[in-house]
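Undergrad: Have a look at this one before I ask anything.
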Amino acid sequence: MPEGHTLHRIAIDHFALLRGKPVGVSSPQGRFAASAALVDGNRLKNLEAYGKHLFYHWSNGMVGHVHLGLFGRFVVYRKHPQHAVPNVRMRLVVRKATIDLSGPTDCAIGTIDDRNRIVARLGPDPLRNDADPDQVFAAISRRVAPIGQLLLDQKVISGIGNVYRAEALFLNRIHPRRPGTAITRSQFDGLWATIVRMLQEGMAANRIVTLDADQFEIPTGVTRRGETTYVYHRDLCLLCGSPILTVGLGGRPCYYCPVDQPN
């Protein structure tokens, strides 16, 4: 599942293509056809990312919602596709571009109230200007659940996935099993600052790189998992060389270094 930086980058890139133009909205697959008709031909006023969610604000007041989930993906054509793509749930067309969405967990048209109800269930998104770290710390500090589990809970903090979770905890020397109630304010502030920085860098680079460029040579081009991280998907800790361990938290394995992140 893409992490929050990817959704924010999608919002920026796609809005640049669609902004202010009448957009043809259709559903080659057919499952979204009735909803597509509600906004077909309208102008896109805003494309907003919140955590792992996208919200399309249309000129007629309707709001589209997309959650990619595990299998959702966008394909952008700078020219209109010349071949049939029958599995496309939603197609957005302007004169010079076509954007196809396939396999999302959710793709729907609703109202601003529907958007607000979804956002109300989510924790703050570190990439948004309206993010309140005090709210996140309050949610973490009153729960005994492991911090590695809480960071994946989208009701606590939005947009964090498995990679950023492991890397942020490692860089702040916090064991993933440490209870939320044991996280001090200073530890949280360091964790929050790391998360914000990593997400911002990931959005700018359009890929996850958590390594310090002053210390390590950053691979370019296509990379394999673990080549641009300290502990995530590595066999050995990049800093101390200790074998990396994993612990299952939040339904996913969390990578950590038992030496640099003592329990």
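Lettering and numbering for the structure tokens are positional, with chains as A, B, ... in the shown order, residues counted from 1 in each chain, and ligands counted from 1 in the shown order.
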Within 6 Å of range 137-152 of chain A, counting only C-alpha atoms, which residues qualify if same-chain residues fewer than 6 places away don't, as a count of residues only?

TA: 9

Undergrad: Select from range 63-155 of chain A every residue with an atom at most 10 Å from any atom of range 39-57 of chain A, then for each give the shortest pair of atoms and their distance in Å to one decimal, using only C-alpha atoms, rows by chain and rising number, as a Markdown table.

TA:
| residue | atom | partner | partner_atom | distance |
| --- | --- | --- | --- | --- |
| A:Val63 | CA | A:His57 | CA | 4.7 |
| A:Gly64 | CA | A:Tyr56 | CA | 4.6 |
| A:His65 | CA | A:Phe55 | CA | 4.8 |
| A:Val66 | CA | A:Leu54 | CA | 5.1 |
| A:His67 | CA | A:His53 | CA | 5.0 |
| A:Leu68 | CA | A:His53 | CA | 7.6 |
| A:Gly69 | CA | A:Lys52 | CA | 8.2 |
| A:Leu92 | CA | A:Asp40 | CA | 8.9 |
| A:Val93 | CA | A:Gly41 | CA | 9.4 |
| A:Val94 | CA | A:Gly41 | CA | 9.6 |
| A:Asp106 | CA | A:His53 | CA | 9.4 |
| A:Cys107 | CA | A:Leu54 | CA | 9.5 |
| A:Ala108 | CA | A:Phe55 | CA | 9.8 |
| A:Ile109 | CA | A:Val39 | CA | 8.3 |
| A:Gly110 | CA | A:Tyr56 | CA | 9.9 |
| A:Thr111 | CA | A:His57 | CA | 9.1 |
| A:Ile112 | CA | A:His57 | CA | 8.4 |
| A:Arg115 | CA | A:Phe55 | CA | 7.3 |
| A:Ile118 | CA | A:His53 | CA | 9.0 |
| A:Val119 | CA | A:Tyr50 | CA | 7.5 |
| A:Leu122 | CA | A:Gly51 | CA | 8.0 |
| A:Gly123 | CA | A:Gly51 | CA | 8.4 |
| A:Pro124 | CA | A:Gly51 | CA | 7.9 |
| A:Asp125 | CA | A:Gly51 | CA | 5.4 |
| A:Pro126 | CA | A:Gly51 | CA | 8.2 |
| A:Leu127 | CA | A:Gly51 | CA | 8.2 |
| A:Arg128 | CA | A:Tyr50 | CA | 7.6 |
| A:Gln154 | CA | A:Gly51 | CA | 7.8 |

Undergrad: Using DSSP on the backbone coordinates, identify the residues of range 23-258 of chain A assigned to helix (DSSP H, G or I); present them as an MDAnalysis selection string.

TA: chainID A and resid 33:39 112:120 133:141 147:150 162:171 180:182 185:205

Undergrad: Write out as a PyMOL selection string all residues of range 50-212 of chain A that DSSP puts in strand (DSSP E) for this structure's backbone.

TA: chain A and resi 50+53-58+63-67+73-77+90-94+97-102+106-110

Undergrad: Keeping only N, CA and C atoms, write the selected residues as a compact mmCIF listing (two decimals), in the first residue's frame.

TA:
# COMPACT_ATOMS: atom_id res chain seq x y z
N TYR A 50 -5.09 13.47 1.91
CA TYR A 50 -5.13 13.41 3.38
C TYR A 50 -4.74 11.98 3.76
N HIS A 53 -5.63 8.98 1.47
CA HIS A 53 -6.88 9.25 0.76
C HIS A 53 -6.70 10.43 -0.18
N LEU A 54 -7.43 10.41 -1.30
CA LEU A 54 -7.50 11.52 -2.23
C LEU A 54 -8.93 12.02 -2.32
N PHE A 55 -9.08 13.35 -2.35
CA PHE A 55 -10.41 13.95 -2.47
C PHE A 55 -10.41 14.91 -3.66
N TYR A 56 -11.35 14.69 -4.59
CA TYR A 56 -11.48 15.49 -5.80
C TYR A 56 -12.63 16.47 -5.60
N HIS A 57 -12.34 17.75 -5.58
CA HIS A 57 -13.36 18.78 -5.37
C HIS A 57 -13.78 19.34 -6.73
N TRP A 58 -15.02 19.00 -7.13
CA TRP A 58 -15.52 19.37 -8.45
C TRP A 58 -16.29 20.67 -8.43
N VAL A 63 -17.79 15.84 -4.36
CA VAL A 63 -16.44 15.50 -3.93
C VAL A 63 -16.20 14.01 -4.19
N GLY A 64 -15.16 13.71 -4.98
CA GLY A 64 -14.79 12.33 -5.22
C GLY A 64 -13.81 11.85 -4.18
N HIS A 65 -13.87 10.56 -3.88
CA HIS A 65 -12.96 9.96 -2.89
C HIS A 65 -12.30 8.73 -3.49
N VAL A 66 -10.97 8.66 -3.36
CA VAL A 66 -10.22 7.49 -3.82
C VAL A 66 -9.31 7.02 -2.70
N HIS A 67 -9.37 5.73 -2.41
CA HIS A 67 -8.41 5.09 -1.50
C HIS A 67 -7.82 3.93 -2.28
N ARG A 73 -3.88 1.55 -8.46
CA ARG A 73 -2.77 2.23 -9.12
C ARG A 73 -3.31 3.17 -10.20
N PHE A 74 -2.55 4.24 -10.41
CA PHE A 74 -2.85 5.19 -11.48
C PHE A 74 -1.86 4.99 -12.62
N VAL A 75 -2.34 5.21 -13.83
CA VAL A 75 -1.47 5.27 -15.01
C VAL A 75 -1.82 6.56 -15.73
N VAL A 76 -0.79 7.35 -16.04
CA VAL A 76 -0.98 8.62 -16.74
C VAL A 76 -0.49 8.48 -18.17
N TYR A 77 -1.35 8.84 -19.12
CA TYR A 77 -0.99 8.86 -20.54
C TYR A 77 -0.92 10.31 -21.00
N MET A 90 -11.89 4.26 -13.00
CA MET A 90 -12.19 5.66 -13.29
C MET A 90 -11.18 6.20 -14.30
N ARG A 91 -11.69 6.88 -15.32
CA ARG A 91 -10.83 7.52 -16.32
C ARG A 91 -11.12 9.02 -16.31
N LEU A 92 -10.03 9.81 -16.20
CA LEU A 92 -10.12 11.26 -16.23
C LEU A 92 -9.41 11.74 -17.49
N VAL A 93 -10.12 12.51 -18.32
CA VAL A 93 -9.58 12.89 -19.63
C VAL A 93 -9.65 14.39 -19.81
N VAL A 94 -8.51 15.00 -20.16
CA VAL A 94 -8.44 16.36 -20.66
C VAL A 94 -7.75 16.30 -22.02
N ALA A 97 -4.06 14.82 -21.78
CA ALA A 97 -3.70 13.74 -20.86
C ALA A 97 -4.91 12.89 -20.51
N THR A 98 -4.61 11.63 -20.18
CA THR A 98 -5.61 10.70 -19.66
C THR A 98 -5.02 10.06 -18.40
N ILE A 99 -5.83 10.01 -17.35
CA ILE A 99 -5.41 9.38 -16.10
C ILE A 99 -6.36 8.22 -15.82
N ASP A 100 -5.81 7.02 -15.74
CA ASP A 100 -6.61 5.82 -15.47
C ASP A 100 -6.35 5.32 -14.05
N LEU A 101 -7.41 4.95 -13.37
CA LEU A 101 -7.34 4.36 -12.03
C LEU A 101 -7.88 2.94 -12.09
N SER A 102 -7.08 2.01 -11.59
CA SER A 102 -7.49 0.60 -11.55
C SER A 102 -7.31 0.03 -10.15
N ASP A 106 -11.48 1.96 -2.73
CA ASP A 106 -12.69 2.78 -2.77
C ASP A 106 -12.56 3.83 -3.85
N CYS A 107 -13.63 4.05 -4.58
CA CYS A 107 -13.72 5.11 -5.58
C CYS A 107 -15.18 5.52 -5.63
N ALA A 108 -15.49 6.71 -5.13
CA ALA A 108 -16.89 7.10 -4.96
C ALA A 108 -17.05 8.60 -5.14
N ILE A 109 -18.26 9.02 -5.44
CA ILE A 109 -18.62 10.44 -5.51
C ILE A 109 -19.60 10.73 -4.39
N GLY A 110 -19.32 11.79 -3.63
CA GLY A 110 -20.21 12.17 -2.53
C GLY A 110 -20.24 13.67 -2.36

Undergrad: Residues within 7 Å of range 198-207 of chain A, please, as a PyMOL selection string. Count only C-alpha atoms; anything in the same chain fewer than 6 positions from it doesn't count.

TA: chain A and resi 5-6+8-9+127
